[in-house]
2 protein chains.
Amino acid sequence: MSLLILKIGGSVITEKDAVSCARKDEIDRISQEIASFKVNSQDAIILVHGAGSFGHPQAMKWVTGGFDAQGVYLTHSSVKLLNSMMLDSLNTAGIRALPVHPLSSCLLENGKIVEFNLGQIKLMLERGVVPVLHGDVVMDRAKGAAVLSGDRIVPYLASVMNASKIGAGSNVDGVLDDTGAVIKKITPVSFIDIKKHIQGSGSADVTGGMLGKVSEFLELAKSGTSSRIFNASRKGMVSKFLYGEDVGTLIADK
Amino acid sequence: MSLLILKIGGSVITEKDAVSCARKDEIDRISQEIASFKVNSQDAIILVHGAGSFGHPQAMKWVTGGFDAQGVYLTHSSVKLLNSMMLDSLNTAGIRALPVHPLSSCLLENGKIVEFNLGQIKLMLERGVVPVLHGDVVMDRAKGAAVLSGDRIVPYLASVMNASKIGAGSNVDGVLDDTGAVIKKITPVSFIDIKKHIQGSGSADVTGGMLGKVSEFLELAKSGTSSRIFNASRKGMVSKFLYGEDVGTLIADK
């Protein structure tokens with residue numbers, strides 16, 4: 001049984017410049033693309049979604065300025081609302097999916113994951129369930145609390161759970177160069193030259209941009225987990241990624 | 001810093017014979033009783049609430065008949081709704097409180113807790129936050145999933161976190177004998193004779209009755225954690241328990 005980790009960016013499933021505004025149609029479309037693959041496949045899937053406009057505005061206001069329990073509560077509640085919409089949609093599409101909330105299951109130290117409860121995630125996968133995690137605000141030994149983005153959860157889980165493939169679906173067509181063209185493939189060797197030509201992801205948020213994402217995926221590529229960064233806002237792309245087609249940018253060891 | 005664990009039964013905060021029906025006034029009253037104590041106290045508090053009519057009807061229907069991911073999802077979602085009402089009320093009352101969901105943080109084997117992520121709970125307590133847990137449906141190595149009642153969470157946390165006191169607030173005045181009178185105190189020695197005179201808790205549910213609760217608390221009493229079983233439906237009783245007054249039934253080593 002191989003393990004796929006699919007990340008769906010907050011920009012895909014929410015109006016990122018609004019506050020707590022979901023794109024219900026996009027959520028349902030993605031659920032259906034996952035469902036149509038999952039029904040024919042024995043592969044295990046972990047889904048991680050971003051918080052987008054459910055969480056980022058709250059986190060910017062409350063969590064980044066020092067520990068504030070009420071800010072943590074409001075941010076976490078907002079993100080869970082989006083997660084519930086995702087779960088409702090997945091279950092309606094026929095996917096057996098269960099939520100795993102990072103505030104309840106992991107612990108940071110200066111933003112770095114130092115504890116992550118994986119027992120229930122492994123058991124869900126064994127039972128054919130898709131665990132659904134999300135960007136969240138999480139307790140931090142040094143800071144009290146800090147933002148844990150979906151983009152940080154994905155490489156962590158991929159590494160500790162030996163994922164075979166990662167798909168990072170955002171609202172851009174892949175890793176773009178400075179002319180706006182998709183870079184089809186990045187390896188640790190090609191990265192040295194390509195690095196300075198990589199475009200930013202467009203809109204700044206509290207969770208870091210495209211370059212950080214590529215760097216983390218390159219580390220994973222060295223231990224055998226390949227990744228694809230692709231446009232999950234385009235219809236059919238999630239499905240194509242899951243079926244192993246050549247979408248977006250491939251990040252691989254060689 | 002001593003640790004108090006307060007359990008509020010589902011029968012107190014929900015209409016237990018209905019489906020997903022909360023007693024908002026009772027939730028607010030209890031939040032205010034906790035807030036008025038917490039503002040003057042350095043004691044750490046963990047709050048555990050039952051699921052009552054948010055969860056039990058769902059669990060009876062779906063979870064007890066074998067593993068059903070959608071049943072787990074529906075039960076968990078329902079319980080989280082009640083938990084959100086509790087958290088909103090606590091935060092409105094001025095208590096810094098954060099949720100910890102058992103499905104995300106622990107794992108069972110044949111109904112027994114075998115993993116429980118405590119790092120985030122300890123950190124919340126250090127920061128003056130009240131972690132709020134609840135009865136939930138949880139992944140189980142043997143059964144797929146099983147109900148984890150608040151009554152099971154309380155003795156587990158009390159034991160591993162060396163709680164000084166437990167308060168179990170239900171809708172009865174304490175442990176009752178067969179004449180309906182409150183038994184003021186139970187010790188391991190007195191239990192031998194009292195046991196056969198203890199009345200059931202009244203309404204059967206999937207989580208076991210009064211006798212099981214007393215037995216678990218007696219085990220804890222032997223290692224120094226005293227407990228009180230009292231009526232949290234009566235105004236002021238939660239406050240009295242927190243302030244150390246003689247309410248309900250005391251379960252102690254001697």
# chains A, B, ... in the order shown; residues from 1 in each chain; ligands from 1

call {"tool": "closest_atom_pairs", "arguments": {"of": "chain A", "to": "chain B", "cutoff": "9 Å", "atoms": "only C-alpha atoms", "output": "tab-separated table"}}
result
residue	atom	partner	partner_atom	distance
A:Phe67	CA	B:Arg127	CA	8.8
A:Asp68	CA	B:Arg96	CA	8.8
A:Ala69	CA	B:Arg96	CA	5.7
A:Gln70	CA	B:Arg96	CA	6.3
A:Val72	CA	B:Leu98	CA	7.9
A:Tyr73	CA	B:Leu98	CA	6.0
A:His76	CA	B:Leu98	CA	9.0
A:Ser77	CA	B:Ser84	CA	8.1
A:Ser84	CA	B:Ser77	CA	8.0
A:Leu87	CA	B:Tyr73	CA	8.5
A:Asn91	CA	B:Gln70	CA	7.1
A:Ile95	CA	B:Gln70	CA	8.9
A:Arg96	CA	B:Ala69	CA	5.7
A:Ala97	CA	B:Ala69	CA	7.1
A:Leu98	CA	B:Tyr73	CA	6.0
A:Pro99	CA	B:Ser104	CA	7.4
A:Val100	CA	B:Ser104	CA	4.8
A:His101	CA	B:Ser104	CA	5.8
A:Pro102	CA	B:Ser104	CA	7.7
A:Leu103	CA	B:Val100	CA	7.2
A:Ser104	CA	B:Val100	CA	4.8
A:Ser105	CA	B:Ser105	CA	4.8
A:Cys106	CA	B:Gln120	CA	6.9
A:Leu107	CA	B:Gln120	CA	5.9
A:Leu108	CA	B:Gln120	CA	8.9
A:Glu115	CA	B:Gly119	CA	7.6
A:Phe116	CA	B:Asn117	CA	8.1
A:Asn117	CA	B:Asn117	CA	6.2
A:Leu118	CA	B:Ser105	CA	8.8
A:Gly119	CA	B:Leu107	CA	6.6
A:Gln120	CA	B:Leu107	CA	5.8
A:Ile121	CA	B:Ser104	CA	8.5
A:Leu123	CA	B:Arg141	CA	6.9
A:Met124	CA	B:Met139	CA	7.3
A:Arg127	CA	B:Gly144	CA	7.2
A:Gly128	CA	B:Ala69	CA	8.9
A:Val129	CA	B:Ala69	CA	7.0
A:Val138	CA	B:Gln120	CA	8.2
A:Met139	CA	B:Gln120	CA	5.9
A:Asp140	CA	B:Leu123	CA	7.8
A:Arg141	CA	B:Leu123	CA	6.9
A:Gly144	CA	B:Arg127	CA	7.2

call {"tool": "residues_around", "arguments": {"residues": "range 186-202 of chain B", "least_positions_apart": "4", "cutoff": "12 Å", "atoms": "only C-alpha atoms", "output": "ChimeraX atom specification"}}
result
/B:9,11,16,170-182,207-224,226-229,231,248-254

call {"tool": "atom_distance", "arguments": {"atom1": "CA of Leu82 in chain A", "atom2": "CA of Ser36 in chain A"}}
result
22.3 Å

call {"tool": "atom_distance", "arguments": {"atom1": "CA of Met237 in chain A", "atom2": "CA of Val147 in chain A"}}
result
28.3 Å

call {"tool": "closest_residue", "arguments": {"among": "B:Ala146, B:Tyr156, B:Asp28, B:Glu15", "to": "Met60 in chain B", "atoms": "only C-alpha atoms"}}
result
B:Ala146

call {"tool": "residues_around", "arguments": {"residues": "Val79 in chain A", "least_positions_apart": "3", "cutoff": "9 Å", "atoms": "only C-alpha atoms", "output": "list in words"}}
result
Ser20, Gly50, Ala51, Gly52, Ser53, Phe54, Gly55, His56, Leu74, Thr75, His76, Leu82, Asn83, Ser84, His134, Gly135, Asp136 and Val137 of chain A

call {"tool": "write_last_selection", "arguments": {"atoms": "all heavy atoms", "output": "CSV table (one decimal), in the first residue's frame"}}
result
chain,number,residue,atom,x,y,z
A,20,SER,N,-13.0,34.4,6.2
A,20,SER,CA,-13.9,33.3,6.4
A,20,SER,C,-14.9,33.1,5.2
A,20,SER,O,-16.1,33.0,5.4
A,20,SER,CB,-14.6,33.3,7.7
A,20,SER,OG,-13.7,33.4,8.8
A,50,GLY,N,-5.1,23.9,3.4
A,50,GLY,CA,-4.7,25.2,4.0
A,50,GLY,C,-5.9,25.8,4.7
A,50,GLY,O,-7.1,25.4,4.6
A,51,ALA,N,-5.7,26.9,5.4
A,51,ALA,CA,-6.7,27.6,6.1
A,51,ALA,C,-7.3,28.8,5.3
A,51,ALA,O,-8.4,29.2,5.5
A,51,ALA,CB,-6.2,28.2,7.4
A,52,GLY,N,-6.5,29.3,4.4
A,52,GLY,CA,-6.9,30.4,3.5
A,52,GLY,C,-7.5,31.5,4.4
A,52,GLY,O,-6.9,31.9,5.4
A,53,SER,N,-8.7,32.0,4.0
A,53,SER,CA,-9.3,33.1,4.7
A,53,SER,C,-10.0,32.7,6.0
A,53,SER,O,-10.5,33.5,6.7
A,53,SER,CB,-10.3,33.8,3.8
A,53,SER,OG,-11.3,33.0,3.4
A,54,PHE,N,-9.9,31.4,6.3
A,54,PHE,CA,-10.4,30.9,7.6
A,54,PHE,C,-9.1,30.7,8.5
A,54,PHE,O,-8.6,29.6,8.5
A,54,PHE,CB,-11.1,29.5,7.5
A,54,PHE,CG,-12.4,29.6,6.8
A,54,PHE,CD1,-12.5,29.8,5.5
A,54,PHE,CD2,-13.6,29.5,7.6
A,54,PHE,CE1,-13.7,29.8,4.8
A,54,PHE,CE2,-14.8,29.5,6.9
A,54,PHE,CZ,-14.9,29.7,5.6
A,55,GLY,N,-8.7,31.7,9.1
A,55,GLY,CA,-7.5,31.5,10.0
A,55,GLY,C,-6.4,32.5,9.7
A,55,GLY,O,-5.9,33.1,10.6
A,56,HIS,N,-6.0,32.7,8.4
A,56,HIS,CA,-4.9,33.6,8.2
A,56,HIS,C,-5.3,35.0,8.7
A,56,HIS,O,-4.4,35.6,9.4
A,56,HIS,CB,-4.5,33.7,6.7
A,56,HIS,CG,-3.7,32.5,6.3
A,56,HIS,ND1,-3.2,32.4,5.1
A,56,HIS,CD2,-3.3,31.5,7.0
A,56,HIS,CE1,-2.5,31.2,5.0
A,56,HIS,NE2,-2.5,30.7,6.2
A,74,LEU,N,-10.1,31.6,18.6
A,74,LEU,CA,-10.9,32.2,17.5
A,74,LEU,C,-10.3,31.7,16.1
A,74,LEU,O,-11.0,31.3,15.2
A,74,LEU,CB,-10.8,33.7,17.5
A,74,LEU,CG,-11.6,34.3,18.7
A,74,LEU,CD1,-11.4,35.8,18.8
A,74,LEU,CD2,-13.1,34.0,18.5
A,75,THR,N,-9.0,31.6,16.1
A,75,THR,CA,-8.3,31.2,14.8
A,75,THR,C,-8.6,29.7,14.6
A,75,THR,O,-9.0,29.3,13.5
A,75,THR,CB,-6.8,31.3,15.0
A,75,THR,OG1,-6.5,32.7,15.3
A,75,THR,CG2,-6.1,31.0,13.6
A,76,HIS,N,-8.4,28.9,15.7
A,76,HIS,CA,-8.7,27.4,15.6
A,76,HIS,C,-10.2,27.2,15.2
A,76,HIS,O,-10.5,26.3,14.4
A,76,HIS,CB,-8.4,26.8,16.9
A,76,HIS,CG,-8.6,25.3,17.0
A,76,HIS,ND1,-7.9,24.4,16.3
A,76,HIS,CD2,-9.5,24.6,17.8
A,76,HIS,CE1,-8.4,23.2,16.6
A,76,HIS,NE2,-9.3,23.3,17.5
A,82,LEU,N,-13.9,25.6,8.3
A,82,LEU,CA,-13.5,25.2,6.9
A,82,LEU,C,-13.3,23.7,6.8
A,82,LEU,O,-13.8,23.0,5.9
A,82,LEU,CB,-12.3,25.9,6.5
A,82,LEU,CG,-11.7,25.6,5.1
A,82,LEU,CD1,-12.7,26.0,4.0
A,82,LEU,CD2,-10.4,26.3,4.9
A,83,ASN,N,-12.7,23.1,7.8
A,83,ASN,CA,-12.4,21.7,7.9
A,83,ASN,C,-13.7,20.9,7.9
A,83,ASN,O,-13.9,19.9,7.2
A,83,ASN,CB,-11.6,21.3,9.1
A,83,ASN,CG,-11.3,19.8,9.2
A,83,ASN,OD1,-11.8,19.1,10.0
A,83,ASN,ND2,-10.4,19.3,8.3
A,84,SER,N,-14.7,21.4,8.6
A,84,SER,CA,-16.0,20.7,8.6
A,84,SER,C,-16.7,20.7,7.2
A,84,SER,O,-17.3,19.7,6.8
A,84,SER,CB,-17.0,21.4,9.6
A,84,SER,OG,-16.6,21.1,10.9
A,134,HIS,N,-5.2,20.0,8.6
A,134,HIS,CA,-5.3,21.4,8.1
A,134,HIS,C,-4.3,22.3,8.8
A,134,HIS,O,-3.9,22.0,9.9
A,134,HIS,CB,-6.8,21.9,8.3
A,134,HIS,CG,-7.2,21.8,9.7
A,134,HIS,ND1,-6.9,22.7,10.7
A,134,HIS,CD2,-7.9,20.8,10.4
A,134,HIS,CE1,-7.5,22.3,11.9
A,134,HIS,NE2,-8.1,21.2,11.7
A,135,GLY,N,-4.1,23.4,8.1
A,135,GLY,CA,-3.3,24.5,8.8
A,135,GLY,C,-4.0,24.9,10.0
A,135,GLY,O,-5.3,24.9,10.1
A,136,ASP,N,-3.3,25.2,11.1
A,136,ASP,CA,-3.9,25.4,12.4
A,136,ASP,C,-3.0,26.3,13.2
A,136,ASP,O,-1.9,26.6,12.9
A,136,ASP,CB,-4.2,24.0,13.1
A,136,ASP,CG,-5.3,24.1,14.2
A,136,ASP,OD1,-5.8,25.2,14.5
A,136,ASP,OD2,-5.6,23.0,14.7
A,137,VAL,N,-3.5,26.7,14.4
A,137,VAL,CA,-2.7,27.3,15.4
A,137,VAL,C,-2.5,26.3,16.5
A,137,VAL,O,-3.4,25.6,16.8
A,137,VAL,CB,-3.3,28.6,15.9
A,137,VAL,CG1,-4.6,28.4,16.4
A,137,VAL,CG2,-2.4,29.3,16.9

call {"tool": "atom_distance", "arguments": {"atom1": "CA of Ile30 in chain B", "atom2": "CA of Leu3 in chain B"}}
result
18.6 Å

call {"tool": "residues_around", "arguments": {"residues": "Lys240 in chain A", "least_positions_apart": "3", "cutoff": "12 Å", "atoms": "only C-alpha atoms", "output": "JSON list (two decimals) with all heavy atoms, in the first residue's frame"}}
result
[["chain", "number", "residue", "atom", "x", "y", "z"],
["A", 30, "ILE", "N", -13.31, 19.14, -5.86],
["A", 30, "ILE", "CA", -12.12, 18.41, -5.43],
["A", 30, "ILE", "C", -12.50, 17.10, -4.72],
["A", 30, "ILE", "O", -11.89, 16.06, -4.95],
["A", 30, "ILE", "CB", -11.23, 19.33, -4.55],
["A", 30, "ILE", "CG1", -10.58, 20.39, -5.45],
["A", 30, "ILE", "CG2", -10.18, 18.52, -3.79],
["A", 30, "ILE", "CD1", -9.96, 21.54, -4.72],
["A", 33, "GLU", "N", -13.27, 14.64, -7.37],
["A", 33, "GLU", "CA", -12.07, 14.14, -8.06],
["A", 33, "GLU", "C", -11.34, 13.11, -7.20],
["A", 33, "GLU", "O", -10.83, 12.11, -7.71],
["A", 33, "GLU", "CB", -11.14, 15.31, -8.43],
["A", 33, "GLU", "CG", -11.73, 16.20, -9.53],
["A", 33, "GLU", "CD", -10.76, 17.24, -10.08],
["A", 33, "GLU", "OE1", -9.54, 16.97, -10.08],
["A", 33, "GLU", "OE2", -11.21, 18.32, -10.50],
["A", 34, "ILE", "N", -11.29, 13.37, -5.90],
["A", 34, "ILE", "CA", -10.65, 12.39, -5.00],
["A", 34, "ILE", "C", -11.49, 11.11, -4.97],
["A", 34, "ILE", "O", -10.95, 10.00, -5.06],
["A", 34, "ILE", "CB", -10.46, 12.96, -3.58],
["A", 34, "ILE", "CG1", -9.57, 14.21, -3.60],
["A", 34, "ILE", "CG2", -9.86, 11.90, -2.65],
["A", 34, "ILE", "CD1", -9.53, 14.97, -2.27],
["A", 36, "SER", "N", -13.52, 9.79, -7.17],
["A", 36, "SER", "CA", -13.50, 8.98, -8.39],
["A", 36, "SER", "C", -12.19, 8.17, -8.49],
["A", 36, "SER", "O", -12.17, 7.10, -9.08],
["A", 36, "SER", "CB", -13.69, 9.85, -9.63],
["A", 36, "SER", "OG", -12.58, 10.70, -9.80],
["A", 37, "PHE", "N", -11.11, 8.69, -7.89],
["A", 37, "PHE", "CA", -9.86, 7.94, -7.84],
["A", 37, "PHE", "C", -9.90, 6.88, -6.74],
["A", 37, "PHE", "O", -9.59, 5.71, -6.96],
["A", 37, "PHE", "CB", -8.69, 8.90, -7.58],
["A", 37, "PHE", "CG", -7.39, 8.19, -7.27],
["A", 37, "PHE", "CD1", -6.63, 7.60, -8.28],
["A", 37, "PHE", "CD2", -6.92, 8.11, -5.96],
["A", 37, "PHE", "CE1", -5.44, 6.94, -7.99],
["A", 37, "PHE", "CE2", -5.74, 7.45, -5.66],
["A", 37, "PHE", "CZ", -5.00, 6.87, -6.67],
["A", 167, "GLY", "N", 1.36, 15.59, -3.48],
["A", 167, "GLY", "CA", 0.80, 16.53, -4.45],
["A", 167, "GLY", "C", 0.43, 17.81, -3.74],
["A", 167, "GLY", "O", -0.37, 17.77, -2.80],
["A", 169, "GLY", "N", -1.37, 21.07, -4.31],
["A", 169, "GLY", "CA", -2.25, 21.80, -5.22],
["A", 169, "GLY", "C", -2.48, 23.21, -4.74],
["A", 169, "GLY", "O", -3.03, 23.42, -3.66],
["A", 228, "ARG", "N", 4.77, 16.81, -6.56],
["A", 228, "ARG", "CA", 4.33, 17.64, -7.68],
["A", 228, "ARG", "C", 3.62, 18.87, -7.13],
["A", 228, "ARG", "O", 2.78, 18.76, -6.24],
["A", 228, "ARG", "CB", 3.36, 16.88, -8.59],
["A", 228, "ARG", "CG", 4.06, 15.88, -9.48],
["A", 228, "ARG", "CD", 3.14, 15.33, -10.55],
["A", 228, "ARG", "NE", 3.86, 14.36, -11.35],
["A", 228, "ARG", "CZ", 4.61, 14.67, -12.43],
["A", 228, "ARG", "NH1", 4.72, 15.94, -12.81],
["A", 228, "ARG", "NH2", 5.23, 13.73, -13.10],
["A", 230, "PHE", "N", 1.15, 21.65, -8.40],
["A", 230, "PHE", "CA", 0.27, 21.80, -9.56],
["A", 230, "PHE", "C", -0.92, 22.70, -9.24],
["A", 230, "PHE", "O", -1.13, 23.07, -8.08],
["A", 230, "PHE", "CB", -0.20, 20.42, -10.05],
["A", 230, "PHE", "CG", -1.08, 19.71, -9.05],
["A", 230, "PHE", "CD1", -2.47, 19.80, -9.13],
["A", 230, "PHE", "CD2", -0.53, 18.95, -8.03],
["A", 230, "PHE", "CE1", -3.29, 19.15, -8.22],
["A", 230, "PHE", "CE2", -1.35, 18.30, -7.11],
["A", 230, "PHE", "CZ", -2.73, 18.40, -7.21],
["A", 231, "ASN", "N", -1.69, 23.02, -10.27],
["A", 231, "ASN", "CA", -2.81, 23.93, -10.10],
["A", 231, "ASN", "C", -4.10, 23.17, -9.81],
["A", 231, "ASN", "O", -4.75, 22.64, -10.71],
["A", 231, "ASN", "CB", -2.98, 24.79, -11.35],
["A", 231, "ASN", "CG", -3.90, 25.98, -11.11],
["A", 231, "ASN", "OD1", -4.73, 25.96, -10.21],
["A", 231, "ASN", "ND2", -3.72, 27.03, -11.91],
["A", 232, "ALA", "N", -4.48, 23.15, -8.52],
["A", 232, "ALA", "CA", -5.68, 22.41, -8.12],
["A", 232, "ALA", "C", -6.95, 23.21, -8.40],
["A", 232, "ALA", "O", -8.06, 22.69, -8.25],
["A", 232, "ALA", "CB", -5.60, 22.06, -6.64],
["A", 234, "ARG", "N", -7.63, 24.24, -11.36],
["A", 234, "ARG", "CA", -8.07, 23.81, -12.70],
["A", 234, "ARG", "C", -8.75, 22.45, -12.58],
["A", 234, "ARG", "O", -8.20, 21.50, -12.01],
["A", 234, "ARG", "CB", -6.86, 23.69, -13.65],
["A", 234, "ARG", "CG", -6.25, 25.02, -14.02],
["A", 234, "ARG", "CD", -5.30, 24.83, -15.22],
["A", 234, "ARG", "NE", -4.39, 25.96, -15.34],
["A", 234, "ARG", "CZ", -4.72, 27.12, -15.94],
["A", 234, "ARG", "NH1", -5.90, 27.26, -16.48],
["A", 234, "ARG", "NH2", -3.84, 28.09, -16.01],
["A", 235, "LYS", "N", -9.92, 22.39, -13.20],
["A", 235, "LYS", "CA", -10.73, 21.17, -13.15],
["A", 235, "LYS", "C", -9.96, 19.95, -13.65],
["A", 235, "LYS", "O", -9.30, 20.01, -14.70],
["A", 235, "LYS", "CB", -11.98, 21.39, -14.02],
["A", 235, "LYS", "CG", -13.07, 20.38, -13.82],
["A", 235, "LYS", "CD", -14.33, 20.73, -14.61],
["A", 235, "LYS", "CE", -15.29, 19.54, -14.61],
["A", 235, "LYS", "NZ", -16.46, 19.81, -15.43],
["A", 236, "GLY", "N", -10.02, 18.88, -12.92],
["A", 236, "GLY", "CA", -9.42, 17.63, -13.35],
["A", 236, "GLY", "C", -7.97, 17.43, -12.94],
["A", 236, "GLY", "O", -7.44, 16.32, -13.05],
["A", 237, "MET", "N", -7.33, 18.48, -12.43],
["A", 237, "MET", "CA", -5.90, 18.38, -12.13],
["A", 237, "MET", "C", -5.63, 17.52, -10.89],
["A", 237, "MET", "O", -4.62, 16.81, -10.82],
["A", 237, "MET", "CB", -5.29, 19.77, -11.95],
["A", 237, "MET", "CG", -5.31, 20.60, -13.22],
["A", 237, "MET", "SD", -4.38, 19.81, -14.57],
["A", 237, "MET", "CE", -2.77, 20.55, -14.29],
["A", 243, "TYR", "N", -3.84, 10.02, -10.41],
["A", 243, "TYR", "CA", -3.63, 8.93, -11.36],
["A", 243, "TYR", "C", -2.19, 8.89, -11.90],
["A", 243, "TYR", "O", -1.87, 8.08, -12.75],
["A", 243, "TYR", "CB", -4.63, 9.03, -12.52],
["A", 243, "TYR", "CG", -5.99, 8.44, -12.18],
["A", 243, "TYR", "CD1", -7.08, 9.26, -11.92],
["A", 243, "TYR", "CD2", -6.16, 7.06, -12.09],
["A", 243, "TYR", "CE1", -8.33, 8.71, -11.59],
["A", 243, "TYR", "CE2", -7.40, 6.51, -11.77],
["A", 243, "TYR", "CZ", -8.48, 7.35, -11.52],
["A", 243, "TYR", "OH", -9.69, 6.80, -11.19],
["A", 244, "GLY", "N", -1.33, 9.79, -11.39],
["A", 244, "GLY", "CA", 0.08, 9.72, -11.75],
["A", 244, "GLY", "C", 0.45, 10.41, -13.05],
["A", 244, "GLY", "O", 1.52, 10.15, -13.61],
["A", 245, "GLU", "N", -0.41, 11.29, -13.54],
["A", 245, "GLU", "CA", -0.09, 12.00, -14.79],
["A", 245, "GLU", "C", 0.90, 13.14, -14.53],
["A", 245, "GLU", "O", 1.11, 13.56, -13.39],
["A", 245, "GLU", "CB", -1.39, 12.53, -15.43],
["A", 245, "GLU", "CG", -2.27, 11.37, -15.92],
["A", 245, "GLU", "CD", -3.50, 11.87, -16.69],
["A", 245, "GLU", "OE1", -3.39, 12.90, -17.38],
["A", 245, "GLU", "OE2", -4.55, 11.22, -16.59],
["A", 246, "ASP", "N", 1.48, 13.62, -15.65],
["A", 246, "ASP", "CA", 2.53, 14.65, -15.56],
["A", 246, "ASP", "C", 1.92, 16.05, -15.46],
["A", 246, "ASP", "O", 1.73, 16.73, -16.46],
["A", 246, "ASP", "CB", 3.44, 14.52, -16.80],
["A", 246, "ASP", "CG", 4.58, 15.53, -16.76],
["A", 246, "ASP", "OD1", 4.88, 16.06, -15.67],
["A", 246, "ASP", "OD2", 5.16, 15.81, -17.82],
["A", 247, "VAL", "N", 1.60, 16.46, -14.24],
["A", 247, "VAL", "CA", 1.02, 17.79, -14.04],
["A", 247, "VAL", "C", 1.99, 18.67, -13.27],
["A", 247, "VAL", "O", 2.77, 18.20, -12.44],
["A", 247, "VAL", "CB", -0.32, 17.71, -13.25],
["A", 247, "VAL", "CG1", -1.38, 16.99, -14.09],
["A", 247, "VAL", "CG2", -0.14, 17.02, -11.92],
["A", 248, "GLY", "N", 1.95, 19.98, -13.58],
["A", 248, "GLY", "CA", 2.73, 20.96, -12.83],
["A", 248, "GLY", "C", 4.23, 20.70, -12.84],
["A", 248, "GLY", "O", 4.79, 20.24, -13.83]]

call {"tool": "select_by_dssp", "arguments": {"residues": "range 9-157 of chain B", "states": "strand (DSSP E or B)", "output": "number ranges by chain"}}
result
B: 14, 22, 44-49, 97-99, 106-109, 112-116, 130-134, 136-140, 144-148
